[in-house]
$ cat model-v6.pdb   # PDB, C-alpha atoms
ATOM      1  CA  MET A 725      11.291  -0.546 -31.928
ATOM      2  CA  LYS A 726       8.138  -2.663 -31.884
ATOM      3  CA  VAL A 727       6.711  -3.605 -28.474
ATOM      4  CA  GLN A 728       6.537  -7.404 -28.304
ATOM      5  CA  LYS A 729       6.960  -8.182 -24.604
ATOM      6  CA  ALA A 730       4.716  -7.567 -21.607
ATOM      7  CA  VAL A 731       5.371  -7.841 -17.874
ATOM      8  CA  ILE A 732       2.575  -8.761 -15.468
ATOM      9  CA  PRO A 733       3.482  -8.246 -11.785
ATOM     10  CA  ALA A 734       1.634 -10.897  -9.770
ATOM     11  CA  ALA A 735       3.676 -11.241  -6.587
ATOM     12  CA  GLY A 736       1.369  -9.336  -4.223
ATOM     13  CA  LEU A 737      -0.107 -11.000  -1.141
ATOM     14  CA  GLY A 738      -3.702 -10.061  -1.941
ATOM     15  CA  THR A 739      -4.443  -8.846   1.579
ATOM     16  CA  ARG A 740      -7.587  -6.990   0.469
ATOM     17  CA  PHE A 741      -9.185 -10.369  -0.302
ATOM     18  CA  LEU A 742      -8.227 -12.332   2.794
ATOM     19  CA  PRO A 743      -9.134 -14.999   3.765
ATOM     20  CA  ALA A 744      -9.822 -16.080   0.143
ATOM     21  CA  THR A 745      -6.204 -15.324  -0.832
ATOM     22  CA  LYS A 746      -4.598 -17.106   2.119
ATOM     23  CA  ALA A 747      -3.923 -20.196  -0.003
ATOM     24  CA  GLN A 748      -4.518 -19.031  -3.575
ATOM     25  CA  PRO A 749      -3.248 -16.084  -5.625
ATOM     26  CA  LYS A 750      -5.628 -13.151  -5.929
ATOM     27  CA  GLU A 751      -4.886 -13.225  -9.676
ATOM     28  CA  MET A 752      -6.609 -16.621  -9.843
ATOM     29  CA  LEU A 753      -9.871 -15.407  -8.316
ATOM     30  CA  PRO A 754     -12.398 -15.932 -11.115
ATOM     31  CA  ILE A 755     -14.727 -13.457 -12.726
ATOM     32  CA  ILE A 756     -17.482 -16.035 -13.223
ATOM     33  CA  ASP A 757     -15.409 -18.937 -14.618
ATOM     34  CA  THR A 758     -12.207 -17.252 -15.819
ATOM     35  CA  PRO A 759      -9.281 -16.205 -13.580
ATOM     36  CA  THR A 760      -8.719 -12.454 -13.618
ATOM     37  CA  ILE A 761      -5.132 -12.844 -14.865
ATOM     38  CA  GLN A 762      -6.405 -14.654 -17.966
ATOM     39  CA  TYR A 763      -8.348 -11.538 -18.997
ATOM     40  CA  ILE A 764      -5.096  -9.554 -18.747
ATOM     41  CA  ILE A 765      -3.175 -12.071 -20.828
ATOM     42  CA  GLU A 766      -5.915 -12.243 -23.461
ATOM     43  CA  GLU A 767      -5.769  -8.439 -23.775
ATOM     44  CA  ALA A 768      -2.008  -8.652 -24.324
ATOM     45  CA  VAL A 769      -2.380 -11.392 -26.942
ATOM     46  CA  ASN A 770      -5.149  -9.509 -28.739
ATOM     47  CA  SER A 771      -2.823  -6.486 -28.843
ATOM     48  CA  GLY A 772      -0.048  -8.403 -30.613
ATOM     49  CA  ILE A 773       2.209  -9.218 -27.647
ATOM     50  CA  THR A 774       4.252 -12.373 -28.307
ATOM     51  CA  ASP A 775       6.054 -12.955 -24.982
ATOM     52  CA  ILE A 776       4.832 -12.397 -21.430
ATOM     53  CA  LEU A 777       6.773 -12.467 -18.172
ATOM     54  CA  ILE A 778       4.723 -12.988 -15.025
ATOM     55  CA  ILE A 779       6.446 -11.821 -11.841
ATOM     56  CA  THR A 780       5.293 -14.288  -9.194
ATOM     57  CA  GLY A 781       5.952 -14.911  -5.531
ATOM     58  CA  LYS A 782       5.643 -17.647  -2.946
ATOM     59  CA  ASP A 783       2.505 -19.831  -3.227
ATOM     60  CA  LYS A 784       1.713 -18.659  -6.784
ATOM     61  CA  LYS A 785       2.305 -21.977  -8.565
ATOM     62  CA  SER A 786      -1.357 -22.301  -9.532
ATOM     63  CA  ILE A 787      -0.830 -19.470 -12.039
ATOM     64  CA  GLU A 788       1.779 -21.553 -13.850
ATOM     65  CA  ASP A 789      -0.423 -24.650 -13.648
ATOM     66  CA  HIS A 790      -3.387 -22.794 -15.155
ATOM     67  CA  PHE A 791      -1.488 -21.802 -18.294
ATOM     68  CA  ASP A 792       0.287 -25.162 -18.639
ATOM     69  CA  SER A 793      -1.069 -28.157 -20.545
ATOM     70  CA  SER A 794      -3.140 -30.681 -18.561
ATOM     71  CA  PRO A 795      -2.897 -34.101 -20.283
ATOM     72  CA  MET A 796      -4.989 -35.992 -17.712
ATOM     73  CA  LEU A 797      -7.817 -33.459 -17.834
ATOM     74  CA  GLU A 798      -7.646 -33.325 -21.626
ATOM     75  CA  ASP A 799      -7.785 -37.143 -21.885
ATOM     76  CA  MET A 800     -10.795 -37.257 -19.585
ATOM     77  CA  LEU A 801     -12.682 -34.613 -21.565
ATOM     78  CA  ARG A 802     -11.772 -36.329 -24.825
ATOM     79  CA  SER A 803     -12.986 -39.733 -23.571
ATOM     80  CA  LYS A 804     -16.317 -38.227 -22.502
ATOM     81  CA  GLY A 805     -16.782 -36.444 -25.820
ATOM     82  CA  LYS A 806     -16.731 -32.989 -24.217
ATOM     83  CA  THR A 807     -15.138 -31.399 -27.282
ATOM     84  CA  GLU A 808     -16.042 -27.796 -26.489
ATOM     85  CA  LEU A 809     -14.508 -27.933 -23.009
ATOM     86  CA  LEU A 810     -11.477 -29.781 -24.379
ATOM     87  CA  GLU A 811     -10.779 -27.028 -26.918
ATOM     88  CA  LEU A 812     -11.276 -24.384 -24.233
ATOM     89  CA  ILE A 813      -8.672 -26.015 -21.975
ATOM     90  CA  LYS A 814      -6.191 -26.546 -24.811
ATOM     91  CA  ASP A 815      -6.559 -22.938 -25.988
ATOM     92  CA  ILE A 816      -5.531 -21.646 -22.549
ATOM     93  CA  SER A 817      -2.185 -23.462 -22.699
ATOM     94  CA  GLU A 818      -1.546 -22.224 -26.240
ATOM     95  CA  LEU A 819      -2.388 -18.541 -25.781
ATOM     96  CA  VAL A 820       1.160 -17.148 -25.860
ATOM     97  CA  ASP A 821       4.719 -17.846 -24.686
ATOM     98  CA  ILE A 822       4.631 -17.225 -20.931
ATOM     99  CA  HIS A 823       7.733 -16.999 -18.755
ATOM    100  CA  TYR A 824       7.986 -16.744 -14.969
ATOM    101  CA  ILE A 825      10.358 -15.283 -12.395
ATOM    102  CA  ARG A 826       9.937 -14.811  -8.656
ATOM    103  CA  GLN A 827      10.131 -11.534  -6.794
ATOM    104  CA  LYS A 828      11.860 -12.919  -3.727
ATOM    105  CA  GLU A 829      10.961 -10.006  -1.441
ATOM    106  CA  PRO A 830       7.847  -7.764  -1.471
ATOM    107  CA  LYS A 831       9.675  -4.515  -2.234
ATOM    108  CA  GLY A 832       6.991  -2.822  -4.337
ATOM    109  CA  LEU A 833       5.872  -2.479  -7.941
ATOM    110  CA  GLY A 834       9.063  -0.729  -9.028
ATOM    111  CA  HIS A 835      11.171  -3.601  -7.744
ATOM    112  CA  ALA A 836       8.855  -6.149  -9.409
ATOM    113  CA  VAL A 837       9.349  -4.431 -12.767
ATOM    114  CA  TYR A 838      13.114  -4.275 -12.155
ATOM    115  CA  CYS A 839      13.080  -8.086 -11.839
ATOM    116  CA  ALA A 840      12.174  -8.197 -15.562
ATOM    117  CA  ARG A 841      15.328  -6.402 -16.767
ATOM    118  CA  LYS A 842      17.083  -9.503 -18.204
ATOM    119  CA  PHE A 843      13.920 -10.705 -19.924
ATOM    120  CA  ILE A 844      13.304  -7.297 -21.526
ATOM    121  CA  GLY A 845      16.876  -6.407 -22.465
ATOM    122  CA  ASN A 846      17.042  -3.184 -24.490
ATOM    123  CA  GLU A 847      13.469  -3.169 -25.798
ATOM    124  CA  PRO A 848      10.410  -1.059 -24.992
ATOM    125  CA  PHE A 849       7.851  -3.159 -23.145
ATOM    126  CA  ALA A 850       4.359  -3.157 -21.687
ATOM    127  CA  VAL A 851       3.445  -3.470 -18.022
ATOM    128  CA  MET A 852      -0.060  -4.686 -17.208
ATOM    129  CA  LEU A 853      -1.309  -4.811 -13.628
ATOM    130  CA  GLY A 854      -3.468  -7.774 -12.730
ATOM    131  CA  ASP A 855      -5.884  -5.716 -10.612
ATOM    132  CA  ASP A 856      -7.029  -3.698 -13.627
ATOM    133  CA  VAL A 857      -9.362  -5.349 -16.120
ATOM    134  CA  VAL A 858     -10.412  -3.147 -19.050
ATOM    135  CA  ARG A 859     -13.242  -3.988 -21.448
ATOM    136  CA  ASN A 860     -13.510  -2.354 -24.847
ATOM    137  CA  GLY A 861     -13.918  -3.370 -28.476
ATOM    138  CA  VAL A 862     -10.342  -2.285 -29.146
ATOM    139  CA  PRO A 863      -8.112  -3.640 -26.325
ATOM    140  CA  CYS A 864      -6.712  -0.973 -24.015
ATOM    141  CA  LEU A 865      -3.112  -2.003 -24.680
ATOM    142  CA  GLN A 866      -3.732  -1.954 -28.448
ATOM    143  CA  GLN A 867      -4.957   1.654 -28.183
ATOM    144  CA  MET A 868      -1.744   2.571 -26.356
ATOM    145  CA  LEU A 869       0.435   0.731 -28.863
ATOM    146  CA  ASP A 870      -1.245   2.641 -31.684
ATOM    147  CA  LEU A 871      -0.301   5.899 -29.953
ATOM    148  CA  TYR A 872       3.216   4.598 -29.304
ATOM    149  CA  ASP A 873       3.649   3.968 -33.031
ATOM    150  CA  GLU A 874       2.772   7.628 -33.555
ATOM    151  CA  VAL A 875       4.676   9.447 -30.789
ATOM    152  CA  GLY A 876       7.188   6.985 -29.278
ATOM    153  CA  GLY A 877       8.446   7.618 -25.752
ATOM    154  CA  SER A 878       6.701   6.003 -22.795
ATOM    155  CA  ILE A 879       2.918   5.936 -22.420
ATOM    156  CA  LEU A 880       0.764   5.612 -19.309
ATOM    157  CA  GLY A 881      -2.871   4.554 -19.486
ATOM    158  CA  VAL A 882      -4.929   7.076 -17.507
ATOM    159  CA  LYS A 883      -8.484   7.906 -16.497
ATOM    160  CA  GLU A 884      -9.842  10.983 -14.765
ATOM    161  CA  VAL A 885     -11.019  10.117 -11.250
ATOM    162  CA  PRO A 886     -13.118  12.046  -8.698
ATOM    163  CA  GLN A 887     -11.133  14.508  -6.580
ATOM    164  CA  GLY A 888     -11.649  12.422  -3.467
ATOM    165  CA  ASP A 889     -10.009   9.381  -5.106
ATOM    166  CA  VAL A 890      -6.734  10.938  -6.283
ATOM    167  CA  SER A 891      -4.950   9.848  -3.089
ATOM    168  CA  LYS A 892      -5.341   6.219  -4.234
ATOM    169  CA  TYR A 893      -3.312   6.571  -7.451
ATOM    170  CA  GLY A 894      -0.237   7.878  -9.197
ATOM    171  CA  ILE A 895      -1.367  11.265 -10.591
ATOM    172  CA  LEU A 896      -0.096  13.162 -13.640
ATOM    173  CA  ASP A 897       1.027  16.760 -13.790
ATOM    174  CA  ALA A 898       0.618  17.159 -17.524
ATOM    175  CA  GLU A 899      -0.343  19.400 -20.422
ATOM    176  CA  LYS A 900      -2.858  18.323 -23.030
ATOM    177  CA  VAL A 901      -1.312  17.989 -26.489
ATOM    178  CA  LYS A 902      -4.380  16.634 -28.293
ATOM    179  CA  ASP A 903      -7.584  14.750 -27.595
ATOM    180  CA  LYS A 904      -6.938  12.132 -24.884
ATOM    181  CA  VAL A 905      -3.159  12.660 -25.013
ATOM    182  CA  PHE A 906      -1.172  14.488 -22.303
ATOM    183  CA  ARG A 907       2.552  15.173 -22.042
ATOM    184  CA  CYS A 908       3.803  14.549 -18.505
ATOM    185  CA  ARG A 909       5.757  17.197 -16.648
ATOM    186  CA  ASP A 910       5.748  15.268 -13.376
ATOM    187  CA  LEU A 911       4.020  12.452 -11.508
ATOM    188  CA  VAL A 912       2.971  12.239  -7.884
ATOM    189  CA  GLU A 913       2.290   8.987  -6.032
ATOM    190  CA  LYS A 914      -0.951   9.115  -4.001
ATOM    191  CA  PRO A 915      -1.057  12.885  -3.437
ATOM    192  CA  ASP A 916      -3.240  14.794  -0.996
ATOM    193  CA  PRO A 917      -6.414  15.702  -2.955
ATOM    194  CA  ALA A 918      -5.987  19.341  -1.943
ATOM    195  CA  THR A 919      -2.592  19.634  -3.625
ATOM    196  CA  ALA A 920      -2.912  17.090  -6.476
ATOM    197  CA  PRO A 921      -1.808  18.535  -9.848
ATOM    198  CA  SER A 922      -4.743  16.920 -11.714
ATOM    199  CA  ARG A 923      -7.289  14.118 -11.536
ATOM    200  CA  LEU A 924      -5.551  12.047 -14.224
ATOM    201  CA  ALA A 925      -4.753   8.721 -12.555
ATOM    202  CA  ILE A 926      -2.549   5.910 -13.875
ATOM    203  CA  MET A 927      -4.736   2.849 -14.404
ATOM    204  CA  GLY A 928      -2.520  -0.198 -14.590
ATOM    205  CA  ARG A 929      -1.328  -0.041 -18.213
ATOM    206  CA  TYR A 930       2.120   1.180 -19.256
ATOM    207  CA  ILE A 931       4.446   1.177 -22.258
ATOM    208  CA  ILE A 932       7.934   1.923 -20.951
ATOM    209  CA  GLN A 933      11.348   2.479 -22.481
ATOM    210  CA  PRO A 934      14.135   0.188 -21.164
ATOM    211  CA  GLU A 935      16.011   3.145 -19.641
ATOM    212  CA  ILE A 936      13.637   2.693 -16.692
ATOM    213  CA  PHE A 937      15.818  -0.146 -15.386
ATOM    214  CA  ASP A 938      18.854   2.093 -14.799
ATOM    215  CA  ILE A 939      16.571   4.479 -12.931
ATOM    216  CA  LEU A 940      14.911   1.737 -10.864
ATOM    217  CA  GLU A 941      18.324   0.428  -9.828
ATOM    218  CA  ASN A 942      18.929   3.721  -8.033
ATOM    219  CA  THR A 943      15.375   4.521  -6.881
ATOM    220  CA  ALA A 944      15.047   4.743  -3.103
ATOM    221  CA  PRO A 945      11.984   3.375  -1.303
ATOM    222  CA  GLY A 946       9.097   5.833  -1.403
ATOM    223  CA  ALA A 947       5.459   5.675  -0.286
ATOM    224  CA  GLY A 948       4.830   2.706   2.006
ATOM    225  CA  GLY A 949       8.551   1.996   2.234
ATOM    226  CA  GLU A 950       8.435   0.354  -1.207
ATOM    227  CA  ILE A 951      10.238   1.063  -4.483
ATOM    228  CA  GLN A 952       7.535   2.885  -6.441
ATOM    229  CA  LEU A 953       7.330   2.645 -10.220
ATOM    230  CA  THR A 954       5.802   6.135 -10.232
ATOM    231  CA  ASP A 955       8.972   7.580  -8.662
ATOM    232  CA  ALA A 956      11.087   6.043 -11.424
ATOM    233  CA  LEU A 957       8.691   7.299 -14.093
ATOM    234  CA  LYS A 958       9.067  10.815 -12.641
ATOM    235  CA  GLU A 959      12.782  10.653 -13.365
ATOM    236  CA  LEU A 960      12.169   9.123 -16.791
ATOM    237  CA  ALA A 961       9.870  12.052 -17.633
ATOM    238  CA  ARG A 962      12.783  14.439 -16.930
ATOM    239  CA  ARG A 963      14.963  12.599 -19.443
ATOM    240  CA  ASP A 964      12.541  11.553 -22.164
ATOM    241  CA  SER A 965       8.979  11.963 -23.424
ATOM    242  CA  VAL A 966       6.308  10.404 -21.226
ATOM    243  CA  TYR A 967       2.671  10.675 -22.266
ATOM    244  CA  GLY A 968      -0.612   9.968 -20.559
ATOM    245  CA  TYR A 969      -3.312   8.443 -22.733
ATOM    246  CA  GLU A 970      -6.957   8.533 -21.638
ATOM    247  CA  PHE A 971      -7.995   5.179 -23.059
ATOM    248  CA  ASP A 972     -11.464   4.110 -24.135
ATOM    249  CA  GLY A 973     -13.160   1.352 -22.176
ATOM    250  CA  ARG A 974     -14.653   0.376 -18.848
ATOM    251  CA  ARG A 975     -11.996  -0.234 -16.226
ATOM    252  CA  TYR A 976     -12.623  -2.480 -13.237
ATOM    253  CA  ASP A 977     -10.431  -2.490 -10.134
ATOM    254  CA  VAL A 978     -10.821  -6.190  -9.368
ATOM    255  CA  GLY A 979      -8.370  -5.895  -6.470
ATOM    256  CA  ASP A 980     -11.144  -4.038  -4.631
ATOM    257  CA  LYS A 981     -14.152  -5.989  -3.341
ATOM    258  CA  LEU A 982     -16.741  -3.621  -4.808
ATOM    259  CA  GLY A 983     -14.872  -3.410  -8.127
ATOM    260  CA  TYR A 984     -14.686  -7.199  -8.230
ATOM    261  CA  LEU A 985     -18.434  -7.508  -7.640
ATOM    262  CA  LYS A 986     -19.175  -4.920 -10.343
ATOM    263  CA  ALA A 987     -17.039  -6.833 -12.836
ATOM    264  CA  THR A 988     -18.719 -10.128 -11.983
ATOM    265  CA  VAL A 989     -22.223  -8.705 -12.384
ATOM    266  CA  GLU A 990     -21.521  -6.782 -15.593
ATOM    267  CA  PHE A 991     -19.605  -9.642 -17.220
ATOM    268  CA  ALA A 992     -22.461 -12.020 -16.384
ATOM    269  CA  LEU A 993     -25.012  -9.663 -17.928
ATOM    270  CA  GLU A 994     -23.068  -9.823 -21.202
ATOM    271  CA  ARG A 995     -22.882 -13.631 -21.313
ATOM    272  CA  GLN A 996     -25.390 -15.281 -23.636
ATOM    273  CA  ASP A 997     -25.540 -18.377 -21.423
ATOM    274  CA  LEU A 998     -26.268 -16.361 -18.264
ATOM    275  CA  SER A 999     -27.690 -12.931 -19.047
ATOM    276  CA  GLU A1000     -31.401 -13.694 -19.333
ATOM    277  CA  GLU A1001     -31.757 -15.737 -16.147
ATOM    278  CA  PHE A1002     -29.289 -13.579 -14.212
ATOM    279  CA  ARG A1003     -31.051 -10.356 -15.215
ATOM    280  CA  ALA A1004     -34.377 -11.804 -14.064
ATOM    281  CA  TYR A1005     -32.789 -12.861 -10.781
ATOM    282  CA  LEU A1006     -31.296  -9.397 -10.165
ATOM    283  CA  LYS A1007     -34.663  -7.777 -10.885
ATOM    284  CA  LYS A1008     -36.317 -10.123  -8.380
ATOM    285  CA  VAL A1009     -33.707  -9.232  -5.732
ATOM    286  CA  ILE A1010     -34.045  -5.474  -6.346
ATOM    287  CA  ASP A1011     -37.842  -5.591  -6.350
ATOM    288  CA  GLY A1012     -37.758  -7.467  -3.064
TER     289      GLY A1012
END

$ encode --input "model-v6.pdb" --output "structure tokens"
Amino acid sequence: MKVQKAVIPAAGLGTRFLPATKAQPKEMLPIIDTPTIQYIIEEAVNSGITDILIITGKDKKSIEDHFDSSPMLEDMLRSKGKTELLELIKDISELVDIHYIRQKEPKGLGHAVYCARKFIGNEPFAVMLGDDVVRNGVPCLQQMLDLYDEVGGSILGVKEVPQGDVSKYGILDAEKVKDKVFRCRDLVEKPDPATAPSRLAIMGRYIIQPEIFDILENTAPGAGGEIQLTDALKELARRDSVYGYEFDGRRYDVGDKLGYLKATVEFALERQDLSEEFRAYLKKVIDG
């Protein structure tokens, strides 16, 4: 069955970016002039996704407002002849069909995904985490969908990380079946680096079969006292094929301060309206 729906969990409290996230969602923090969640949605749209469900929480209304139409702003831009900005604003509200539901309690990523069960029904679906922005000529999710068309099952986007970082991620125990493709035997959430089965870490992109919802319904709280998606995927891997795919592209963890700064700098260096002056400024700073 074709994957047409994507779920974006965006109910987290953003504690790593306090105090900036005290009154605004971390997903709305901009990389230059574009909220991080918009990059995620544009990747989904460019991969052929037609419907998106954003799992929100308390004080996340600005996400809905951003992707809604804004008649007053549009009228003002139109009256001032700012056609380019007007089209930019209108395009945002017309990107894709976006739906919203609240995760009423912060019970973890697994619980957030479980909140999407009625929206998804009996279809395979994508999950895209808002902290992970991936840049590549072919969108990360599109690469995974191409593999899904070939092998089916569930697919996890992965990257190999340094040994010292494996305790930050869900890690695959897997065998390589071909270039960049691994069949999962097991998954471990944030293992001790000394006992980790590999350095293949899940990087915020998933294609999952709907059977995951029956598993999540009976998944007990795991690491951090939360319902972990990785724990449910472990059980899914015992029942069905689950693959890891080492995708092409530069991945930024924009939920981390250093990752956010790297994304901002590198995105700016690629912008025609900023790159020349910004590059000269950075050189001046580095040269002292």

$ resolve_selection --input "model-v6.pdb" --expression "the PyMOL selection byres ((chain A and resi 981-985) around 12)" --output "ChimeraX atom specification"
/A:738-742,744,750-751,753-756,759-760,855-858,974-980,986-992

$ closest_residue --input "model-v6.pdb" --among "A:Ile825, A:Ile895, A:Ile926, A:Val885" --to "Lys784 of chain A" --atoms "all atoms listed in the file"
A:Ile825

$ residues_around --input "model-v6.pdb" --residues "Lys828 of chain A" --least-positions-apart "5" --cutoff "10 Å" --atoms "only C-alpha atoms" --output "ChimeraX atom specification"
/A:735,779-782,836,839

$ closest_residue --input "model-v6.pdb" --among "A:Leu833, A:Tyr763, A:Ala730, A:Val966" --to "Leu940 of chain A" --atoms "all atoms listed in the file"
A:Leu833

$ atom_distance --input "model-v6.pdb" --atom1 "atom CA of Thr807 of chain A" --atom2 "atom CA of Ser786 of chain A"
24.2 Å

$ atom_distance --input "model-v6.pdb" --atom1 "atom CA of Glu811 of chain A" --atom2 "atom CA of Ile778 of chain A"
24.1 Å

$ resolve_selection --input "model-v6.pdb" --expression "the PyMOL selection byres ((chain A and resi 967) around 8)" --output "list of chain:residue names"
A:Gly877, A:Ser878, A:Ile879, A:Leu880, A:Val905, A:Phe906, A:Arg907, A:Cys908, A:Ser965, A:Val966, A:Gly968, A:Tyr969

$ residues_around --input "model-v6.pdb" --residues "segment 792-796 of chain A" --least-positions-apart "3" --cutoff "6 Å" --atoms "all atoms listed in the file" --output "PDB file with C-alpha atoms, in the coordinates of the input"
ATOM      1  CA  ASP A 789      -0.423 -24.650 -13.648  1.00  0.00           C
ATOM      2  CA  ASP A 799      -7.785 -37.143 -21.885  1.00  0.00           C
ATOM      3  CA  SER A 817      -2.185 -23.462 -22.699  1.00  0.00           C
TER       4      SER A 817
END

$ atom_distance --input "model-v6.pdb" --atom1 "atom CA of Ile773 of chain A" --atom2 "atom CA of Val820 of chain A"
8.2 Å

$ residues_around --input "model-v6.pdb" --residues "Gly772 of chain A" --least-positions-apart "6" --cutoff "12 Å" --atoms "only C-alpha atoms" --output "VMD selection string"
chain A and resid 726 to 730 765 to 766 819 to 820 850 863 to 870

$ resolve_selection --input "model-v6.pdb" --expression "the PyMOL selection byres ((chain A and resi 954) around 9)" --output "list in words"
Leu833, Gly834, Gly894, Ile895, Leu911, Val912, Glu913, Ile951, Gln952, Leu953, Asp955, Ala956, Leu957, Lys958 and Glu959 of chain A

$ decode --input "model-v6.pdb" --residues "segment 848-855 of chain A" --atoms "all heavy atoms" --output "PDB file, in the first residue's frame"
ATOM      1  N   PRO A 848       0.236   1.961   6.036  1.00  0.00           N
ATOM      2  CA  PRO A 848       1.612   2.288   6.428  1.00  0.00           C
ATOM      3  C   PRO A 848       1.761   3.806   6.438  1.00  0.00           C
ATOM      4  O   PRO A 848       1.046   4.519   5.705  1.00  0.00           O
ATOM      5  CB  PRO A 848       2.453   1.649   5.324  1.00  0.00           C
ATOM      6  CG  PRO A 848       1.547   1.604   4.141  1.00  0.00           C
ATOM      7  CD  PRO A 848       0.157   1.385   4.688  1.00  0.00           C
ATOM      8  N   PHE A 849       2.655   4.313   7.270  1.00  0.00           N
ATOM      9  CA  PHE A 849       2.768   5.760   7.414  1.00  0.00           C
ATOM     10  C   PHE A 849       4.203   6.147   7.757  1.00  0.00           C
ATOM     11  O   PHE A 849       5.008   5.313   8.187  1.00  0.00           O
ATOM     12  CB  PHE A 849       1.807   6.262   8.500  1.00  0.00           C
ATOM     13  CG  PHE A 849       2.093   5.730   9.892  1.00  0.00           C
ATOM     14  CD1 PHE A 849       2.716   6.520  10.847  1.00  0.00           C
ATOM     15  CD2 PHE A 849       1.724   4.435  10.251  1.00  0.00           C
ATOM     16  CE1 PHE A 849       2.973   6.035  12.126  1.00  0.00           C
ATOM     17  CE2 PHE A 849       1.973   3.934  11.526  1.00  0.00           C
ATOM     18  CZ  PHE A 849       2.606   4.733  12.464  1.00  0.00           C
ATOM     19  N   ALA A 850       4.497   7.419   7.574  1.00  0.00           N
ATOM     20  CA  ALA A 850       5.813   7.949   7.923  1.00  0.00           C
ATOM     21  C   ALA A 850       5.736   8.665   9.260  1.00  0.00           C
ATOM     22  O   ALA A 850       4.708   9.251   9.610  1.00  0.00           O
ATOM     23  CB  ALA A 850       6.297   8.907   6.838  1.00  0.00           C
ATOM     24  N   VAL A 851       6.826   8.615  10.006  1.00  0.00           N
ATOM     25  CA  VAL A 851       6.998   9.436  11.201  1.00  0.00           C
ATOM     26  C   VAL A 851       8.249  10.274  10.986  1.00  0.00           C
ATOM     27  O   VAL A 851       9.304   9.738  10.609  1.00  0.00           O
ATOM     28  CB  VAL A 851       7.140   8.583  12.481  1.00  0.00           C
ATOM     29  CG1 VAL A 851       7.457   9.467  13.687  1.00  0.00           C
ATOM     30  CG2 VAL A 851       5.877   7.781  12.740  1.00  0.00           C
ATOM     31  N   MET A 852       8.129  11.579  11.219  1.00  0.00           N
ATOM     32  CA  MET A 852       9.241  12.496  11.006  1.00  0.00           C
ATOM     33  C   MET A 852       9.402  13.344  12.259  1.00  0.00           C
ATOM     34  O   MET A 852       8.480  14.073  12.643  1.00  0.00           O
ATOM     35  CB  MET A 852       8.976  13.385   9.793  1.00  0.00           C
ATOM     36  CG  MET A 852       8.608  12.606   8.537  1.00  0.00           C
ATOM     37  SD  MET A 852       8.120  13.660   7.157  1.00  0.00           S
ATOM     38  CE  MET A 852       9.702  14.324   6.660  1.00  0.00           C
ATOM     39  N   LEU A 853      10.554  13.244  12.897  1.00  0.00           N
ATOM     40  CA  LEU A 853      10.787  13.994  14.130  1.00  0.00           C
ATOM     41  C   LEU A 853      11.251  15.410  13.806  1.00  0.00           C
ATOM     42  O   LEU A 853      12.125  15.616  12.962  1.00  0.00           O
ATOM     43  CB  LEU A 853      11.812  13.277  15.009  1.00  0.00           C
ATOM     44  CG  LEU A 853      11.481  11.829  15.395  1.00  0.00           C
ATOM     45  CD1 LEU A 853      12.439  11.354  16.482  1.00  0.00           C
ATOM     46  CD2 LEU A 853      10.035  11.687  15.862  1.00  0.00           C
ATOM     47  N   GLY A 854      10.688  16.364  14.524  1.00  0.00           N
ATOM     48  CA  GLY A 854      10.963  17.763  14.246  1.00  0.00           C
ATOM     49  C   GLY A 854      12.347  18.231  14.625  1.00  0.00           C
ATOM     50  O   GLY A 854      12.773  19.311  14.209  1.00  0.00           O
ATOM     51  N   ASP A 855      13.078  17.440  15.428  1.00  0.00           N
ATOM     52  CA  ASP A 855      14.445  17.824  15.804  1.00  0.00           C
ATOM     53  C   ASP A 855      15.461  17.464  14.727  1.00  0.00           C
ATOM     54  O   ASP A 855      16.619  17.884  14.818  1.00  0.00           O
ATOM     55  CB  ASP A 855      14.856  17.123  17.111  1.00  0.00           C
ATOM     56  CG  ASP A 855      14.217  17.771  18.330  1.00  0.00           C
ATOM     57  OD1 ASP A 855      13.675  18.882  18.199  1.00  0.00           O
ATOM     58  OD2 ASP A 855      14.259  17.175  19.410  1.00  0.00           O
TER      59      ASP A 855
END
